[in-house]
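Visitor: my_file-v3.tsv (TSV, C-alpha atoms) pasted underneath:
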```tsv
chain	number	residue	atom	x	y	z
A	24	MET	CA	-56.21	86.91	122.46
A	25	SER	CA	-53.89	84.14	122.29
A	26	GLU	CA	-51.41	86.02	124.48
A	27	LEU	CA	-54.10	86.58	127.05
A	28	THR	CA	-55.02	82.93	126.85
A	29	ASN	CA	-51.37	81.96	127.17
A	30	LEU	CA	-50.96	84.30	130.13
A	31	LYS	CA	-54.12	82.98	131.67
A	32	GLN	CA	-52.95	79.40	131.16
A	33	SER	CA	-49.53	80.24	132.54
A	34	VAL	CA	-51.01	81.86	135.66
A	35	MET	CA	-53.42	78.96	136.08
A	36	GLN	CA	-50.57	76.51	135.65
A	37	GLN	CA	-48.47	78.34	138.28
A	38	VAL	CA	-51.45	78.51	140.65
A	39	GLU	CA	-52.08	74.84	140.08
A	40	GLU	CA	-48.41	73.96	140.71
A	41	ARG	CA	-48.28	76.14	143.81
A	42	GLY	CA	-51.54	74.58	144.97
A	43	LYS	CA	-50.10	71.11	144.38
A	44	LEU	CA	-46.92	72.02	146.28
A	45	TRP	CA	-48.92	73.56	149.10
A	46	LEU	CA	-51.23	70.53	149.19
A	47	GLU	CA	-48.26	68.16	149.20
A	48	ARG	CA	-46.57	70.17	151.96
A	49	GLU	CA	-49.72	70.32	154.08
A	50	THR	CA	-50.45	66.66	153.42
A	51	ALA	CA	-46.88	65.79	154.47
A	52	LYS	CA	-47.26	67.94	157.63
A	53	ILE	CA	-50.56	66.31	158.49
A	54	GLN	CA	-49.11	62.87	157.76
A	55	ALA	CA	-46.03	63.63	159.90
A	56	GLN	CA	-48.22	64.97	162.73
A	57	TYR	CA	-50.46	61.90	162.45
A	58	GLU	CA	-47.46	59.57	162.59
A	59	GLN	CA	-46.01	61.52	165.51
A	60	ASP	CA	-49.34	61.43	167.38
A	61	LEU	CA	-49.74	57.74	166.59
A	62	ALA	CA	-46.21	56.98	167.81
A	63	LYS	CA	-46.86	58.98	171.00
A	64	LEU	CA	-50.17	57.21	171.53
A	65	ARG	CA	-48.49	53.84	171.03
A	66	ALA	CA	-45.67	54.84	173.40
A	67	ASP	CA	-48.20	56.06	175.99
A	68	LYS	CA	-50.20	52.84	175.64
A	69	GLN	CA	-47.00	50.79	175.93
A	70	ALA	CA	-45.93	52.78	179.01
A	71	GLN	CA	-49.38	52.30	180.58
A	72	LYS	CA	-49.25	48.61	179.72
A	73	GLU	CA	-45.78	48.28	181.26
A	74	VAL	CA	-46.89	50.15	184.40
A	75	ARG	CA	-49.94	47.89	184.72
A	76	LEU	CA	-47.86	44.78	184.05
A	77	LYS	CA	-45.39	45.90	186.73
A	78	GLN	CA	-48.28	46.51	189.15
A	79	LEU	CA	-49.67	43.05	188.40
A	80	LYS	CA	-46.23	41.47	188.80
A	81	ASP	CA	-45.66	43.33	192.09
A	82	GLU	CA	-49.09	42.24	193.37
A	83	HIS	CA	-48.36	38.66	192.31
A	84	ASP	CA	-44.93	38.71	193.96
A	85	GLN	CA	-46.43	40.19	197.12
A	86	GLN	CA	-49.13	37.50	197.25
A	87	ILE	CA	-46.53	34.77	196.71
A	88	GLN	CA	-44.39	36.30	199.48
A	89	GLN	CA	-47.40	36.38	201.83
A	90	ILE	CA	-48.18	32.74	201.04
A	91	ASN	CA	-44.54	31.78	201.65
A	92	ASN	CA	-44.51	33.76	204.91
A	93	GLN	CA	-47.73	32.10	206.05
A	94	LYS	CA	-46.31	28.71	205.12
A	95	ARG	CA	-43.11	29.41	207.07
A	96	GLN	CA	-45.08	30.74	210.05
A	97	SER	CA	-47.36	27.71	210.01
A	98	SER	CA	-44.38	25.37	209.72
A	99	LEU	CA	-42.56	27.20	212.51
A	100	ALA	CA	-45.64	27.09	214.75
A	101	SER	CA	-46.02	23.35	214.10
A	102	LYS	CA	-42.36	22.74	214.88
A	103	GLN	CA	-42.59	24.82	218.06
A	104	GLU	CA	-45.71	22.93	219.13
A	105	LEU	CA	-43.96	19.61	218.53
A	106	LEU	CA	-40.87	20.70	220.47
A	107	GLN	CA	-43.06	22.01	223.31
A	108	ALA	CA	-44.89	18.67	223.35
A	109	LEU	CA	-41.52	16.90	223.65
A	110	PHE	CA	-40.52	19.06	226.62
A	111	ASN	CA	-43.96	18.64	228.21
A	112	GLU	CA	-43.57	14.88	227.79
A	113	ALA	CA	-40.15	15.06	229.48
A	114	VAL	CA	-41.71	16.84	232.49
A	115	LEU	CA	-44.53	14.30	232.59
A	116	GLN	CA	-42.08	11.39	232.50
A	117	MET	CA	-40.11	12.92	235.37
A	118	GLU	CA	-43.29	13.54	237.38
A	119	THR	CA	-44.61	10.02	236.81
A	120	SER	CA	-41.30	8.20	237.23
A	121	ASP	CA	-41.06	5.60	239.97
A	122	ILE	CA	-41.11	7.25	243.40
A	123	HIS	CA	-37.94	5.35	244.38
A	124	GLU	CA	-36.13	6.91	241.40
A	125	GLN	CA	-37.36	10.34	242.51
A	126	ILE	CA	-36.13	9.71	246.07
A	127	ASP	CA	-32.75	8.53	244.72
A	128	PHE	CA	-32.50	11.75	242.68
A	129	PHE	CA	-33.36	13.77	245.80
A	130	ASN	CA	-30.75	11.92	247.91
A	131	GLN	CA	-28.05	12.49	245.27
A	132	THR	CA	-28.93	16.19	245.13
A	133	MET	CA	-28.82	16.49	248.93
A	134	GLN	CA	-25.16	15.36	248.92
A	135	ALA	CA	-24.30	18.95	247.97
A	136	PHE	CA	-26.05	20.24	251.12
A	137	THR	CA	-24.56	18.12	253.92
A	138	GLN	CA	-22.79	20.96	255.76
A	139	GLU	CA	-25.62	23.45	256.25
A	140	PRO	CA	-29.20	23.42	257.48
A	141	VAL	CA	-31.73	23.44	254.66
A	142	GLN	CA	-35.47	23.50	254.22
A	143	VAL	CA	-37.10	21.20	251.67
A	144	HIS	CA	-40.43	21.71	249.90
A	145	PHE	CA	-41.67	18.91	247.69
A	146	GLY	CA	-43.92	19.42	244.71
A	147	GLU	CA	-47.42	18.02	245.00
A	148	LYS	CA	-46.87	15.42	242.26
A	149	THR	CA	-43.87	14.02	244.13
A	150	GLY	CA	-44.94	14.54	247.75
A	151	ARG	CA	-48.38	12.96	247.35
A	152	HIS	CA	-46.63	9.57	247.20
A	153	PHE	CA	-44.96	10.18	250.58
A	154	ASN	CA	-46.27	8.94	253.88
A	155	ASP	CA	-44.92	9.38	257.41
A	156	GLU	CA	-42.57	6.45	256.87
A	157	THR	CA	-41.07	8.16	253.79
A	158	TYR	CA	-40.55	11.42	255.68
A	159	ASN	CA	-38.98	9.55	258.64
A	160	TYR	CA	-36.62	7.78	256.24
A	161	LEU	CA	-35.59	11.07	254.60
A	162	GLU	CA	-35.18	12.86	257.95
A	163	GLY	CA	-32.93	10.01	259.12
A	164	LEU	CA	-30.74	10.31	256.00
A	165	HIS	CA	-30.64	14.11	256.04
A	166	PRO	CA	-30.78	15.38	259.65
A	167	GLN	CA	-29.73	18.88	258.51
A	168	ALA	CA	-32.97	19.18	256.51
A	169	ASP	CA	-36.32	20.50	257.66
A	170	PHE	CA	-39.00	18.87	255.50
A	171	SER	CA	-42.10	20.98	254.96
A	172	ARG	CA	-45.32	19.02	254.67
A	173	ASP	CA	-46.85	21.85	252.59
A	174	LEU	CA	-46.67	20.65	249.00
A	175	LEU	CA	-46.16	22.98	246.02
A	176	ALA	CA	-49.37	22.78	244.00
A	177	GLY	CA	-49.25	21.29	240.52
A	178	GLU	CA	-45.50	20.62	240.62
A	179	GLY	CA	-43.23	17.60	240.69
A	180	GLY	CA	-39.74	17.65	242.17
A	181	PHE	CA	-38.54	19.80	245.07
A	182	ILE	CA	-36.98	23.07	246.20
A	183	ILE	CA	-34.08	23.17	248.65
A	184	SER	CA	-33.69	26.47	250.52
A	185	SER	CA	-30.39	27.37	252.17
A	186	ASP	CA	-29.32	30.79	253.48
A	187	LYS	CA	-32.33	32.46	251.84
A	188	ILE	CA	-31.39	30.99	248.45
A	189	ASP	CA	-33.82	28.64	246.71
A	190	TYR	CA	-32.29	25.82	244.69
A	191	ASN	CA	-35.09	24.88	242.35
A	192	TYR	CA	-35.33	21.22	241.37
A	193	LEU	CA	-38.97	21.33	240.30
A	194	TYR	CA	-39.12	19.20	237.18
A	195	SER	CA	-40.94	21.82	235.11
A	196	ARG	CA	-38.26	24.44	235.97
A	197	MET	CA	-35.42	22.01	235.28
A	198	VAL	CA	-36.82	21.27	231.82
A	199	GLU	CA	-37.45	25.00	231.24
A	200	HIS	CA	-33.82	25.67	232.14
A	201	VAL	CA	-32.50	23.34	229.42
A	202	GLN	CA	-35.32	24.00	226.95
A	203	GLY	CA	-33.82	27.18	225.47
A	204	PRO	CA	-30.38	25.77	224.64
A	205	LEU	CA	-31.78	22.38	223.61
A	206	SER	CA	-34.60	23.67	221.41
A	207	GLN	CA	-32.38	24.79	218.54
A	208	LYS	CA	-30.25	21.65	218.69
A	209	LEU	CA	-33.31	19.39	218.75
A	210	ALA	CA	-34.95	21.37	215.95
A	211	GLN	CA	-31.89	20.84	213.76
A	212	GLU	CA	-31.73	17.13	214.59
A	213	ILE	CA	-35.45	16.56	214.04
A	214	PHE	CA	-36.25	18.98	211.21
A	215	GLY	CA	-32.85	19.56	209.59
A	216	PRO	CA	-31.15	22.94	209.04
A	217	ARG	CA	-33.29	26.09	209.06
A	218	GLU	CA	-34.80	27.05	205.73
```
Could you render the structure from this file as structure tokens?

Guide:
Amino acid sequence: MSELTNLKQSVMQQVEERGKLWLERETAKIQAQYEQDLAKLRADKQAQKEVRLKQLKDEHDQQIQQINNQKRQSSLASKQELLQALFNEAVLQMETSDIHEQIDFFNQTMQAFTQEPVQVHFGEKTGRHFNDETYNYLEGLHPQADFSRDLLAGEGGFIISSDKIDYNYLYSRMVEHVQGPLSQKLAQEIFGPRE
């Protein structure tokens, strides 16, 4: 019986060792799979976190850009309003300048039109200061000119027409004419270089 017992013990011992090896192998496989799954889960979570962080950063950057754009637009609008107010003030000063200064300006301008017949239309804001005596004085100085008594509504200054060409000396148009080129120069002088 002892041989049978020995054989039985030997078989049991081999089964036990094989069972241990199998258990160790399976445990190692499970552990490796667990670690692999855990690493993948962590990587996926990290990737999701990075994607979300990038989204948040992009949203933040976009909001900051919008705020900066709004700030620039607001600043630009304010500067444009201020420049427009300066040009409007220039027109107003010309329209409200002393009538003798306006007549002197007209007489100087007419020196370029001494050789041809012309027609003159005054703006309302200039012509309303004229009376018959003023027109007689101007007609005496400029016999080649036909002075219309119809005033141009809402305007200061005058238009001289010669050979179907209008030479526009309305104050608002004169300021408009220089406004484009002067705006950038004035903006740099007043506000400094562009941002």

Visitor: Rounded to one decimal, what separation in Å do you get between CA of Leu205 (chain A) and CA of Ile182 (chain A)?

Guide: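 That distance, rounded to one decimal, is 23.2 Å.
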
Visitor: I'd like the interatomic distance between CA of Gln211 (chain A) and CA of Ser120 (chain A), to a tenth of an Å.

Guide: 28.3 Å

Visitor: Calculated over all atoms listed in the file, which of the candidates A:Leu106, A:Ala62, A:Ile122, A:Met133 has the smallest distance to Gly203 (chain A)?

Guide: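 Residue with the minimum atom-to-atom distance to Gly203 (chain A): A:Leu106.
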
Visitor: Please build the interface table for region 64-154 of chain A against region 163-177 of chain A with a cut-off of 6 Å, listing for each qualifying residue the nearest atom pair and the distance in Å to one decimal; count all atoms listed in the file, order rows by chain and increasing number, and write it as JSON lines.

Guide:
```
{"residue": "A:Pro140", "atom": "CA", "partner": "A:Gln167", "partner_atom": "CA", "distance": 4.7}
{"residue": "A:Val141", "atom": "CA", "partner": "A:Ala168", "partner_atom": "CA", "distance": 4.8}
{"residue": "A:Gln142", "atom": "CA", "partner": "A:Asp169", "partner_atom": "CA", "distance": 4.6}
{"residue": "A:Val143", "atom": "CA", "partner": "A:Phe170", "partner_atom": "CA", "distance": 4.9}
{"residue": "A:His144", "atom": "CA", "partner": "A:Ser171", "partner_atom": "CA", "distance": 5.4}
{"residue": "A:Phe145", "atom": "CA", "partner": "A:Leu174", "partner_atom": "CA", "distance": 5.5}
{"residue": "A:Gly146", "atom": "CA", "partner": "A:Leu175", "partner_atom": "CA", "distance": 4.4}
{"residue": "A:Glu147", "atom": "CA", "partner": "A:Leu174", "partner_atom": "CA", "distance": 4.8}
```

Visitor: Write out, as a CSV table (one decimal), in the coordinates of the input, the residues just selected, with C-alpha atoms.

Guide:
```
chain,number,residue,atom,x,y,z
A,140,PRO,CA,-29.2,23.4,257.5
A,141,VAL,CA,-31.7,23.4,254.7
A,142,GLN,CA,-35.5,23.5,254.2
A,143,VAL,CA,-37.1,21.2,251.7
A,144,HIS,CA,-40.4,21.7,249.9
A,145,PHE,CA,-41.7,18.9,247.7
A,146,GLY,CA,-43.9,19.4,244.7
A,147,GLU,CA,-47.4,18.0,245.0
```

Visitor: Quick one: of A:Ile53, A:Met117, A:Ala70, A:Val201, who's nearest to Gly179 (chain A), counting only C-alpha atoms?

Guide: A:Met117

Visitor: So which residues touch Phe110 (chain A) within 12 Å, counting only C-alpha atoms, skipping near sequence neighbours fewer than 6 positions away, as a list in words?

Guide: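 After dropping sequence-adjacent residues, the list is Gln103, Glu104, Gln116, Met117, Tyr194, Ser195, Arg196, Met197, Val198, Glu199, His200, Val201, Gln202, Gly203, Leu205, Ser206 and Leu209 of chain A.
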
Visitor: Calculated over all atoms listed in the file, which of the candidates A:Thr119, A:Gln32, A:Asn130, A:Asn159 has the smallest distance to Glu178 (chain A)?

Guide: A:Thr119

Visitor: Can you work out the spacing between CA of Tyr158 (chain A) and CA of Glu112 (chain A) in Å, to one decimal?

Guide: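 Between CA of Tyr158 (chain A) and CA of Glu112 (chain A) the gap is 28.3 Å.
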
Visitor: I'd like the box whose edges run along x, y and z of the file and which contains every listed atom of region 139-153 of chain A, padded by 3 Å per side; could you state its centre and edge lengths in Å, one decimal, as JSON?

Guide:
```
{"center_x": -37.0, "center_y": 16.5, "center_z": 249.9, "size_x": 28.8, "size_y": 19.9, "size_z": 21.2}
```

Visitor: Please produce region 83-96 of chain A, completed to N, CA and C atoms, as a PDB file, in the coordinates of the input.

Guide:
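For reference, out.pdb as written:
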```pdb
ATOM      1  N   HIS A  83     -48.579  40.110 192.338  1.00  0.00           N
ATOM      2  CA  HIS A  83     -48.360  38.660 192.310  1.00  0.00           C
ATOM      3  C   HIS A  83     -47.210  38.272 193.231  1.00  0.00           C
ATOM      4  N   ASP A  84     -46.090  39.002 193.117  1.00  0.00           N
ATOM      5  CA  ASP A  84     -44.930  38.710 193.960  1.00  0.00           C
ATOM      6  C   ASP A  84     -45.262  38.882 195.439  1.00  0.00           C
ATOM      7  N   GLN A  85     -46.044  39.933 195.738  1.00  0.00           N
ATOM      8  CA  GLN A  85     -46.430  40.190 197.120  1.00  0.00           C
ATOM      9  C   GLN A  85     -47.319  39.060 197.657  1.00  0.00           C
ATOM     10  N   GLN A  86     -48.264  38.607 196.832  1.00  0.00           N
ATOM     11  CA  GLN A  86     -49.130  37.500 197.250  1.00  0.00           C
ATOM     12  C   GLN A  86     -48.326  36.223 197.463  1.00  0.00           C
ATOM     13  N   ILE A  87     -47.387  35.951 196.558  1.00  0.00           N
ATOM     14  CA  ILE A  87     -46.530  34.770 196.710  1.00  0.00           C
ATOM     15  C   ILE A  87     -45.711  34.883 197.990  1.00  0.00           C
ATOM     16  N   GLN A  88     -45.181  36.083 198.259  1.00  0.00           N
ATOM     17  CA  GLN A  88     -44.390  36.300 199.480  1.00  0.00           C
ATOM     18  C   GLN A  88     -45.248  36.075 200.719  1.00  0.00           C
ATOM     19  N   GLN A  89     -46.496  36.578 200.695  1.00  0.00           N
ATOM     20  CA  GLN A  89     -47.400  36.380 201.830  1.00  0.00           C
ATOM     21  C   GLN A  89     -47.686  34.900 202.039  1.00  0.00           C
ATOM     22  N   ILE A  90     -47.924  34.187 200.940  1.00  0.00           N
ATOM     23  CA  ILE A  90     -48.180  32.740 201.040  1.00  0.00           C
ATOM     24  C   ILE A  90     -46.965  32.037 201.620  1.00  0.00           C
ATOM     25  N   ASN A  91     -45.769  32.395 201.128  1.00  0.00           N
ATOM     26  CA  ASN A  91     -44.540  31.780 201.650  1.00  0.00           C
ATOM     27  C   ASN A  91     -44.339  32.105 203.125  1.00  0.00           C
ATOM     28  N   ASN A  92     -44.627  33.369 203.501  1.00  0.00           N
ATOM     29  CA  ASN A  92     -44.510  33.760 204.910  1.00  0.00           C
ATOM     30  C   ASN A  92     -45.483  32.979 205.778  1.00  0.00           C
ATOM     31  N   GLN A  93     -46.736  32.852 205.300  1.00  0.00           N
ATOM     32  CA  GLN A  93     -47.730  32.100 206.050  1.00  0.00           C
ATOM     33  C   GLN A  93     -47.319  30.638 206.187  1.00  0.00           C
ATOM     34  N   LYS A  94     -46.769  30.101 205.097  1.00  0.00           N
ATOM     35  CA  LYS A  94     -46.310  28.710 205.120  1.00  0.00           C
ATOM     36  C   LYS A  94     -45.186  28.541 206.137  1.00  0.00           C
ATOM     37  N   ARG A  95     -44.223  29.487 206.113  1.00  0.00           N
ATOM     38  CA  ARG A  95     -43.110  29.410 207.070  1.00  0.00           C
ATOM     39  C   ARG A  95     -43.619  29.558 208.503  1.00  0.00           C
ATOM     40  N   GLN A  96     -44.543  30.527 208.708  1.00  0.00           N
ATOM     41  CA  GLN A  96     -45.080  30.740 210.050  1.00  0.00           C
ATOM     42  C   GLN A  96     -45.818  29.499 210.542  1.00  0.00           C
TER      43      GLN A  96
END
```
